[in-house]
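Below is one structure, written out as structure tokens; comments come after it.
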Amino acid sequence: MNFETIVFYLFAALSVFAALRVITSRNPVHAALFLVLAFCSMAGIWMLLEAEFLAITLVLVYVGAVMVLFLFVVMMLDVDLVQLREGFWRWFPFGVVLAAGMVAEMIWVLGSRRTEETAGAIHHAANYSNVKELGRLIYTDYVYPFELAAVLLLIAIVAAIALTHRRRKDSKSQNVAEQVEVKRADRVRIVQIPSEPKAGAAKTE
Amino acid sequence: MIELLQTIQQAGQNLLGPIWMPLWTLVKIVVIVVPLMLGVAYLTLAERWVIGWMQVRIGPNRVGPFGLLQPIADGVKLFFKEIIIPSGSNKFLFVIAPILSLMPALAAWAVVPFGNGMEVANVNAGLLYLLAMTSLGVYGVIIAGWASNSKYAFLGAMRSAAQIVSYEIAMGFALVCVLMAAQSMNLGDIVRGQQSGAGLFGWYFIPLFPMFVVYFIAGVAETNRSPFDVAEGESEIVAGFHVEYSGMAFALFFLAEYANMILIAALSSIMFLGGWLPPFNIAPFTWVPGLFWLLGKMSAMLFLFLWFRATFPRYRYDQLMRLGWKVFIPLTLIWVVVVGVWMQTPFWLW
């Protein structure tokens with residue numbers, strides 16, 4: 001057993017444990033934090049496969065951005081645990097079927113001859129750039145699927161905003177362009193006020 | 001310098017064999033972390049001096065000659081203070097949060113080159129690694145705010161989460177411009193890409209000037225420094241996310257903030273200001289070792305951090321969000337296109 005295998009089992013055990021805790025922990029914030037741990041250990045496993053671009057992107061996108069927003073929402077929500085557990089047994093058979101389906105799928109993919117042929121760890125030279133290779137493939141061979149996926153995502157973003165954005169009638173906001181454009185003349189008025197009238201001044205001295 | 005390092009490396013390899021590699025890496029880590037911690041300590045002193053002078057005060061001058069031992073005194077004081085853990089808090093997360101905020105600030109230094117070939121790890125995807133590490137820093141803040149079970153801490157954490165997610169995008173796009181210009185994600189190669197006979201005119205801050213400004217301002221926001229320190233916001237939410245922390249736990253947050261400042265200063269010097277390269281390729285400038293040029297550029301950037309703090313009032317939360325989403329992100333997107341087109345023309349000289 002070499003060092004890499006030990007590290008692999010360490011990360012694998014950690015990610016299985018974290019994934020289990022995601023669904024079993026009672027506190028939703030803890031569950032979200034365990035999901036972060038699961039992502040990090042998966043990134044470690046991908047790093048062992050020399051897929052450094054995917055590993056770092058997983059940390060950057062999922063851990064650094066998506067999970068932060070998840071936590072943001074979960075921490076703000078007032079989650080009622082009893083209500084969450086209410087439909088557990090009703091949906092349990094459905095969950096079991098789904099899980100069994102996924103396990104079967106994984107066995108099918110991992111057990112196939114094609115996986116066996118390609119799965120052996122391919123070691124590259126130290127100056128091999130995973131990022132460059134991936135970029136070349138995405139923008140040449142797979143440019144249409146890639147652009148299609150990008151357009152789909154864009155549509156999803158626009159749709160999500162269009163569906164959820166409501167303009168409240170009572171909300172107030174500043175028009176920043178208007179504020180920036182303000183000149184001194186719009187705010188300050190210089191008024192020439194004559195000093196004391198002559199008649200009043202006469203009474204002193 | 002490099003030859004000396006290589007001789008040591010070779011001799012160690014012959015002497016110790018397989019255990020040399022981890023040992024040598026450990027030595028490199030110590031060589032970076034110890035000066036970094038000293039730098040953090042004296043940056044706090046420099047901050048108090050600079051702000052003092054800007055406000056026509058003297059600043060710390062009691063402890064040791066010219067107040068030079070002030071950071072040591074502060075450290076000792078914090079070390080001996082009691083760490084109070086609030087009874088309603090989540091104890092495990094409360095203790096782990098300061099560690100989570102310091103860890104990425106230190107881990108990011110692994111790929112920072114201090115000179116030609118002087119880095120702990122020469123990583124091809126170094127730029128991505130840095131982005132990933134700086135984005136992890138927010139967890140310390142969020143977890144601290146939530147685990148404290150205090151409304152001020154929680155408000156600070158929420159503000160920080162929203163702020164960091166918004167500014168990270170602009171930061172990422174600014175770095176996309178750098179990686180387009182350098183055609184590499186390796187930080188060493190990025191500096192070498194700025195090397196030319198023209199000296200400082202070959203550095204990326206000239207073609208990418210708007211990105212340099214965006215990157216640095218986003219960096220100030222990312223480190224929760226004034227004028228973007230809404231996560232602390234003394235006048236609104238007491239001390240924000242670390243209101244419940246005391247003693248060394250508080251000191252760790254402090255260390256993380258200053259280590260992050262030094263990191264951002266180092267990164268903007270490396271990516272836009274030519275890293276270890278001298279500004280002019282003529283005799284007196286080329287005599288100075290590269291490390292000192294890098295440290296000089298970092299000090300100049302750090303001075304900007306302190307200058308900002310002494311000058312600008314805190315941004316209001318909605319202004320902060322507007323600046324991030326409506327100004328920086330469109331600007332960076334446009335500049336990515338501009339650089340892309342520019343690089344196809346013969347006018348691209350870098």
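Chain lettering (A, B, ...) mirrors the order of the structure tokens, residue numbering begins at 1 for each chain separately, and ligand numbering begins at 1 in order of display.
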
Check: which chain B residues lie within 10 Å of chain A using only C-alpha atoms, as a PyMOL selection string: chain B and resi 93+122-126+128-139+142-143+146+154+157-159+161-162+164-166+168-169+183-186+318-319+322

Okay, now the selection with N, CA, C and O atoms, as a compact mmCIF listing (two decimals), in the first residue's frame?
```txt
# COMPACT_ATOMS: atom_id res chain seq x y z
N LEU B 93 -17.99 24.57 16.75
CA LEU B 93 -17.86 25.52 15.65
C LEU B 93 -17.27 26.84 16.12
O LEU B 93 -16.51 27.49 15.41
N ASN B 122 5.46 24.83 -7.19
CA ASN B 122 5.31 25.41 -8.52
C ASN B 122 4.10 24.75 -9.18
O ASN B 122 4.21 23.72 -9.82
N VAL B 123 2.92 25.34 -8.97
CA VAL B 123 1.67 24.72 -9.40
C VAL B 123 1.24 25.35 -10.73
O VAL B 123 1.25 26.57 -10.88
N ASN B 124 0.86 24.49 -11.69
CA ASN B 124 0.44 25.02 -12.99
C ASN B 124 -0.85 25.82 -12.89
O ASN B 124 -1.03 26.81 -13.56
N ALA B 125 -1.78 25.34 -12.04
CA ALA B 125 -3.06 26.03 -11.89
C ALA B 125 -3.00 26.96 -10.68
O ALA B 125 -3.97 27.07 -9.93
N GLY B 126 -1.86 27.62 -10.48
CA GLY B 126 -1.65 28.43 -9.28
C GLY B 126 -2.70 29.50 -9.08
O GLY B 126 -3.17 29.73 -7.96
N LEU B 128 -5.82 29.56 -10.10
CA LEU B 128 -7.09 28.95 -9.67
C LEU B 128 -7.02 28.58 -8.19
O LEU B 128 -7.96 28.81 -7.44
N TYR B 129 -5.87 28.01 -7.81
CA TYR B 129 -5.67 27.61 -6.42
C TYR B 129 -5.82 28.82 -5.50
O TYR B 129 -6.49 28.74 -4.47
N LEU B 130 -5.23 29.95 -5.93
CA LEU B 130 -5.32 31.16 -5.11
C LEU B 130 -6.76 31.63 -4.96
O LEU B 130 -7.22 31.97 -3.86
N LEU B 131 -7.49 31.61 -6.09
CA LEU B 131 -8.90 32.03 -6.04
C LEU B 131 -9.68 31.13 -5.08
O LEU B 131 -10.48 31.61 -4.27
N ALA B 132 -9.42 29.81 -5.18
CA ALA B 132 -10.13 28.86 -4.32
C ALA B 132 -9.82 29.14 -2.86
O ALA B 132 -10.71 29.17 -2.00
N MET B 133 -8.53 29.38 -2.57
CA MET B 133 -8.13 29.58 -1.17
C MET B 133 -8.71 30.88 -0.61
O MET B 133 -9.22 30.91 0.50
N THR B 134 -8.66 31.96 -1.42
CA THR B 134 -9.17 33.22 -0.88
C THR B 134 -10.69 33.15 -0.71
O THR B 134 -11.24 33.84 0.13
N SER B 135 -11.36 32.28 -1.50
CA SER B 135 -12.81 32.19 -1.33
C SER B 135 -13.19 31.38 -0.10
O SER B 135 -14.31 31.46 0.38
N LEU B 136 -12.23 30.59 0.43
CA LEU B 136 -12.54 29.79 1.62
C LEU B 136 -12.54 30.62 2.90
O LEU B 136 -13.11 30.22 3.90
N GLY B 137 -11.86 31.77 2.84
CA GLY B 137 -11.70 32.58 4.05
C GLY B 137 -13.03 33.00 4.67
O GLY B 137 -13.12 33.19 5.88
N VAL B 138 -14.08 33.08 3.84
CA VAL B 138 -15.36 33.55 4.34
C VAL B 138 -15.98 32.57 5.34
O VAL B 138 -16.77 32.97 6.19
N TYR B 139 -15.59 31.28 5.27
CA TYR B 139 -16.21 30.31 6.18
C TYR B 139 -15.93 30.63 7.63
O TYR B 139 -16.80 30.45 8.48
N ILE B 142 -18.43 33.33 8.57
CA ILE B 142 -19.83 32.87 8.65
C ILE B 142 -20.03 31.97 9.86
O ILE B 142 -20.99 32.12 10.62
N ILE B 143 -19.09 31.00 10.02
CA ILE B 143 -19.26 30.04 11.11
C ILE B 143 -19.13 30.74 12.45
O ILE B 143 -19.90 30.47 13.38
N TRP B 146 -22.39 32.54 13.15
CA TRP B 146 -23.53 31.68 13.47
C TRP B 146 -23.33 30.99 14.82
O TRP B 146 -24.25 30.90 15.62
N PHE B 154 -24.25 37.50 14.10
CA PHE B 154 -24.96 36.89 12.98
C PHE B 154 -25.15 37.88 11.84
O PHE B 154 -24.93 37.56 10.67
N ALA B 157 -21.96 38.24 10.03
CA ALA B 157 -21.67 37.09 9.18
C ALA B 157 -22.47 37.15 7.89
O ALA B 157 -21.94 36.90 6.81
N MET B 158 -23.75 37.52 7.99
CA MET B 158 -24.59 37.58 6.80
C MET B 158 -24.08 38.64 5.83
O MET B 158 -24.01 38.44 4.63
N ARG B 159 -23.71 39.79 6.38
CA ARG B 159 -23.18 40.86 5.53
C ARG B 159 -21.93 40.39 4.82
O ARG B 159 -21.76 40.60 3.61
N ALA B 161 -20.96 37.34 4.14
CA ALA B 161 -21.21 36.31 3.13
C ALA B 161 -21.65 36.95 1.83
O ALA B 161 -21.10 36.65 0.76
N ALA B 162 -22.60 37.87 1.90
CA ALA B 162 -23.11 38.50 0.68
C ALA B 162 -22.02 39.31 0.00
O ALA B 162 -21.85 39.29 -1.22
N ILE B 164 -18.67 38.99 0.18
CA ILE B 164 -17.55 38.24 -0.40
C ILE B 164 -17.97 37.53 -1.66
O ILE B 164 -17.25 37.51 -2.65
N VAL B 165 -19.21 36.98 -1.67
CA VAL B 165 -19.68 36.33 -2.89
C VAL B 165 -19.76 37.33 -4.03
O VAL B 165 -19.38 37.05 -5.17
N SER B 166 -20.19 38.57 -3.75
CA SER B 166 -20.31 39.54 -4.84
C SER B 166 -18.95 39.98 -5.38
O SER B 166 -18.78 40.13 -6.57
N GLU B 168 -16.08 38.42 -5.19
CA GLU B 168 -15.26 37.35 -5.72
C GLU B 168 -15.39 37.24 -7.23
O GLU B 168 -14.43 36.93 -7.94
N ILE B 169 -16.60 37.52 -7.74
CA ILE B 169 -16.83 37.39 -9.19
C ILE B 169 -15.98 38.42 -9.92
O ILE B 169 -15.28 38.09 -10.88
N GLN B 183 -1.11 34.22 -20.63
CA GLN B 183 -1.34 32.90 -21.24
C GLN B 183 -0.84 31.77 -20.35
O GLN B 183 -0.34 30.76 -20.84
N SER B 184 -0.96 31.98 -19.04
CA SER B 184 -0.56 30.93 -18.11
C SER B 184 -1.25 31.17 -16.78
O SER B 184 -1.59 32.30 -16.45
N MET B 185 -1.45 30.07 -16.03
CA MET B 185 -2.03 30.20 -14.70
C MET B 185 -0.96 30.07 -13.63
O MET B 185 -1.25 30.14 -12.46
N ASN B 186 0.27 29.83 -14.09
CA ASN B 186 1.37 29.66 -13.15
C ASN B 186 1.88 31.04 -12.75
O ASN B 186 2.22 31.85 -13.60
N ASP B 318 -25.96 49.05 0.79
CA ASP B 318 -26.51 49.00 -0.56
C ASP B 318 -25.54 49.60 -1.58
O ASP B 318 -25.46 49.15 -2.71
N GLN B 319 -24.75 50.60 -1.13
CA GLN B 319 -23.75 51.17 -2.04
C GLN B 319 -22.68 50.14 -2.37
O GLN B 319 -22.23 50.04 -3.51
N ARG B 322 -24.08 47.72 -4.85
CA ARG B 322 -24.18 48.35 -6.16
C ARG B 322 -22.80 48.40 -6.82
O ARG B 322 -22.65 48.06 -7.99
```

Can you tell me, as a PyMOL selection string, which residues in region 156-321 of chain B count as alpha helix (DSSP H) by DSSP? chain B and resi 156-182+187-193+209-222+234-237+247-272+283-287+290-311+317-321

At a cut-off of 10 Å, can you tabulate as a Markdown table every residue of region 298-335 of chain B near region 260-272 of chain B together with its closest atom pair and the distance in Å to one decimal, using only C-alpha atoms and ordering rows by chain then number?
```
| residue | atom | partner | partner_atom | distance |
| --- | --- | --- | --- | --- |
| B:Met298 | CA | B:Ala265 | CA | 5.1 |
| B:Ser299 | CA | B:Ala265 | CA | 7.6 |
| B:Ala300 | CA | B:Ala265 | CA | 8.3 |
| B:Met301 | CA | B:Ala265 | CA | 5.3 |
| B:Leu302 | CA | B:Ala265 | CA | 6.0 |
| B:Phe303 | CA | B:Ala265 | CA | 9.4 |
| B:Leu304 | CA | B:Ala265 | CA | 9.3 |
| B:Phe305 | CA | B:Met261 | CA | 7.8 |
```

Name the residues in contact with Ser41 (chain A) at a cut-off of 10 Å, using only C-alpha atoms, excluding same-chain residues fewer than 4 positions from it; report them as a VMD selection string. chain A and resid 8 10 to 16 18 35 to 37 45 to 47 55 59

So which residues touch region 237-239 of chain B within 8 Å, counting only C-alpha atoms, skipping near sequence neighbours fewer than 3 positions away, as an mmCIF file with all heavy atoms, in the first residue's frame?
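Output saved as result10.cif:
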```
data_model
loop_
_atom_site.group_PDB
_atom_site.id
_atom_site.type_symbol
_atom_site.label_atom_id
_atom_site.label_comp_id
_atom_site.auth_asym_id
_atom_site.auth_seq_id
_atom_site.Cartn_x
_atom_site.Cartn_y
_atom_site.Cartn_z
ATOM 1 N N TYR B 152 -25.689 40.363 16.792
ATOM 2 C CA TYR B 152 -24.712 41.222 16.136
ATOM 3 C C TYR B 152 -23.738 40.392 15.306
ATOM 4 O O TYR B 152 -23.439 40.717 14.161
ATOM 5 C CB TYR B 152 -23.948 42.044 17.165
ATOM 6 C CG TYR B 152 -24.832 42.991 17.916
ATOM 7 C CD1 TYR B 152 -24.926 42.939 19.297
ATOM 8 C CD2 TYR B 152 -25.583 43.929 17.238
ATOM 9 C CE1 TYR B 152 -25.741 43.807 19.979
ATOM 10 C CE2 TYR B 152 -26.409 44.787 17.907
ATOM 11 C CZ TYR B 152 -26.482 44.730 19.284
ATOM 12 O OH TYR B 152 -27.296 45.585 19.955
ATOM 13 N N ALA B 153 -23.262 39.315 15.925
ATOM 14 C CA ALA B 153 -22.328 38.444 15.214
ATOM 15 C C ALA B 153 -22.996 37.873 13.974
ATOM 16 O O ALA B 153 -22.397 37.809 12.892
ATOM 17 C CB ALA B 153 -21.875 37.320 16.134
ATOM 18 N N LEU B 155 -25.523 39.116 12.209
ATOM 19 C CA LEU B 155 -25.677 40.144 11.171
ATOM 20 C C LEU B 155 -24.360 40.376 10.434
ATOM 21 O O LEU B 155 -24.327 40.483 9.209
ATOM 22 C CB LEU B 155 -26.149 41.451 11.796
ATOM 23 C CG LEU B 155 -27.633 41.520 12.106
ATOM 24 C CD1 LEU B 155 -27.936 42.773 12.887
ATOM 25 C CD2 LEU B 155 -28.419 41.500 10.823
ATOM 26 N N GLY B 156 -23.271 40.418 11.205
ATOM 27 C CA GLY B 156 -21.964 40.602 10.595
ATOM 28 C C GLY B 156 -21.651 39.480 9.625
ATOM 29 O O GLY B 156 -21.155 39.711 8.520
ATOM 30 N N ALA B 231 -18.717 43.941 7.794
ATOM 31 C CA ALA B 231 -18.853 42.746 8.632
ATOM 32 C C ALA B 231 -18.516 43.081 10.086
ATOM 33 O O ALA B 231 -18.992 42.421 11.000
ATOM 34 C CB ALA B 231 -17.943 41.646 8.134
ATOM 35 N N GLU B 232 -17.679 44.109 10.290
ATOM 36 C CA GLU B 232 -17.363 44.512 11.659
ATOM 37 C C GLU B 232 -18.235 45.692 12.082
ATOM 38 O O GLU B 232 -18.900 45.634 13.090
ATOM 39 C CB GLU B 232 -15.884 44.861 11.777
ATOM 40 C CG GLU B 232 -15.020 43.637 11.633
ATOM 41 C CD GLU B 232 -13.550 43.967 11.542
ATOM 42 O OE1 GLU B 232 -13.134 44.925 12.194
ATOM 43 O OE2 GLU B 232 -12.843 43.265 10.830
ATOM 44 N N GLY B 233 -18.225 46.714 11.278
ATOM 45 C CA GLY B 233 -19.100 47.864 11.471
ATOM 46 C C GLY B 233 -19.309 48.290 12.916
ATOM 47 O O GLY B 233 -20.409 48.192 13.444
ATOM 48 N N GLU B 234 -18.253 48.782 13.563
ATOM 49 C CA GLU B 234 -18.313 49.085 14.997
ATOM 50 C C GLU B 234 -19.512 49.955 15.374
ATOM 51 O O GLU B 234 -20.137 49.736 16.405
ATOM 52 C CB GLU B 234 -17.037 49.801 15.450
ATOM 53 C CG GLU B 234 -15.790 48.961 15.423
ATOM 54 C CD GLU B 234 -15.131 48.964 14.061
ATOM 55 O OE1 GLU B 234 -15.737 49.530 13.128
ATOM 56 O OE2 GLU B 234 -14.046 48.393 13.937
ATOM 57 N N HIS B 242 -16.944 38.910 15.182
ATOM 58 C CA HIS B 242 -16.104 38.462 16.302
ATOM 59 C C HIS B 242 -16.445 39.178 17.611
ATOM 60 O O HIS B 242 -15.602 39.297 18.489
ATOM 61 C CB HIS B 242 -14.618 38.548 15.969
ATOM 62 C CG HIS B 242 -14.133 39.899 15.549
ATOM 63 N ND1 HIS B 242 -14.434 41.027 16.237
ATOM 64 C CD2 HIS B 242 -13.369 40.282 14.511
ATOM 65 C CE1 HIS B 242 -13.863 42.052 15.648
ATOM 66 N NE2 HIS B 242 -13.230 41.632 14.581
ATOM 67 N N VAL B 243 -17.694 39.584 17.750
ATOM 68 C CA VAL B 243 -18.053 40.322 18.968
ATOM 69 C C VAL B 243 -17.942 39.452 20.217
ATOM 70 O O VAL B 243 -17.617 39.932 21.295
ATOM 71 C CB VAL B 243 -19.455 40.956 18.813
ATOM 72 C CG1 VAL B 243 -20.535 39.920 18.762
ATOM 73 C CG2 VAL B 243 -19.732 41.937 19.915
#
```

Residue neighbourhood region 207-219 of chain B, 7 Å, only C-alpha atoms, exclusion window fewer than 2 positions, as JSON, numbers by chain: {"B": [167, 171, 174, 204, 205, 221, 222, 223, 264, 268, 272, 328, 332]}

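The interatomic distance for the pair CA of Asn281 (chain B) and CA of Ser196 (chain B) works out to 8.6 Å.
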
Spatial neighbours of Ala73 (chain B), 12 Å, only C-alpha atoms, chain gap at least 4 places, as a PyMOL selection string: chain B and resi 41-42+45+60+62-64+67-69+77-80
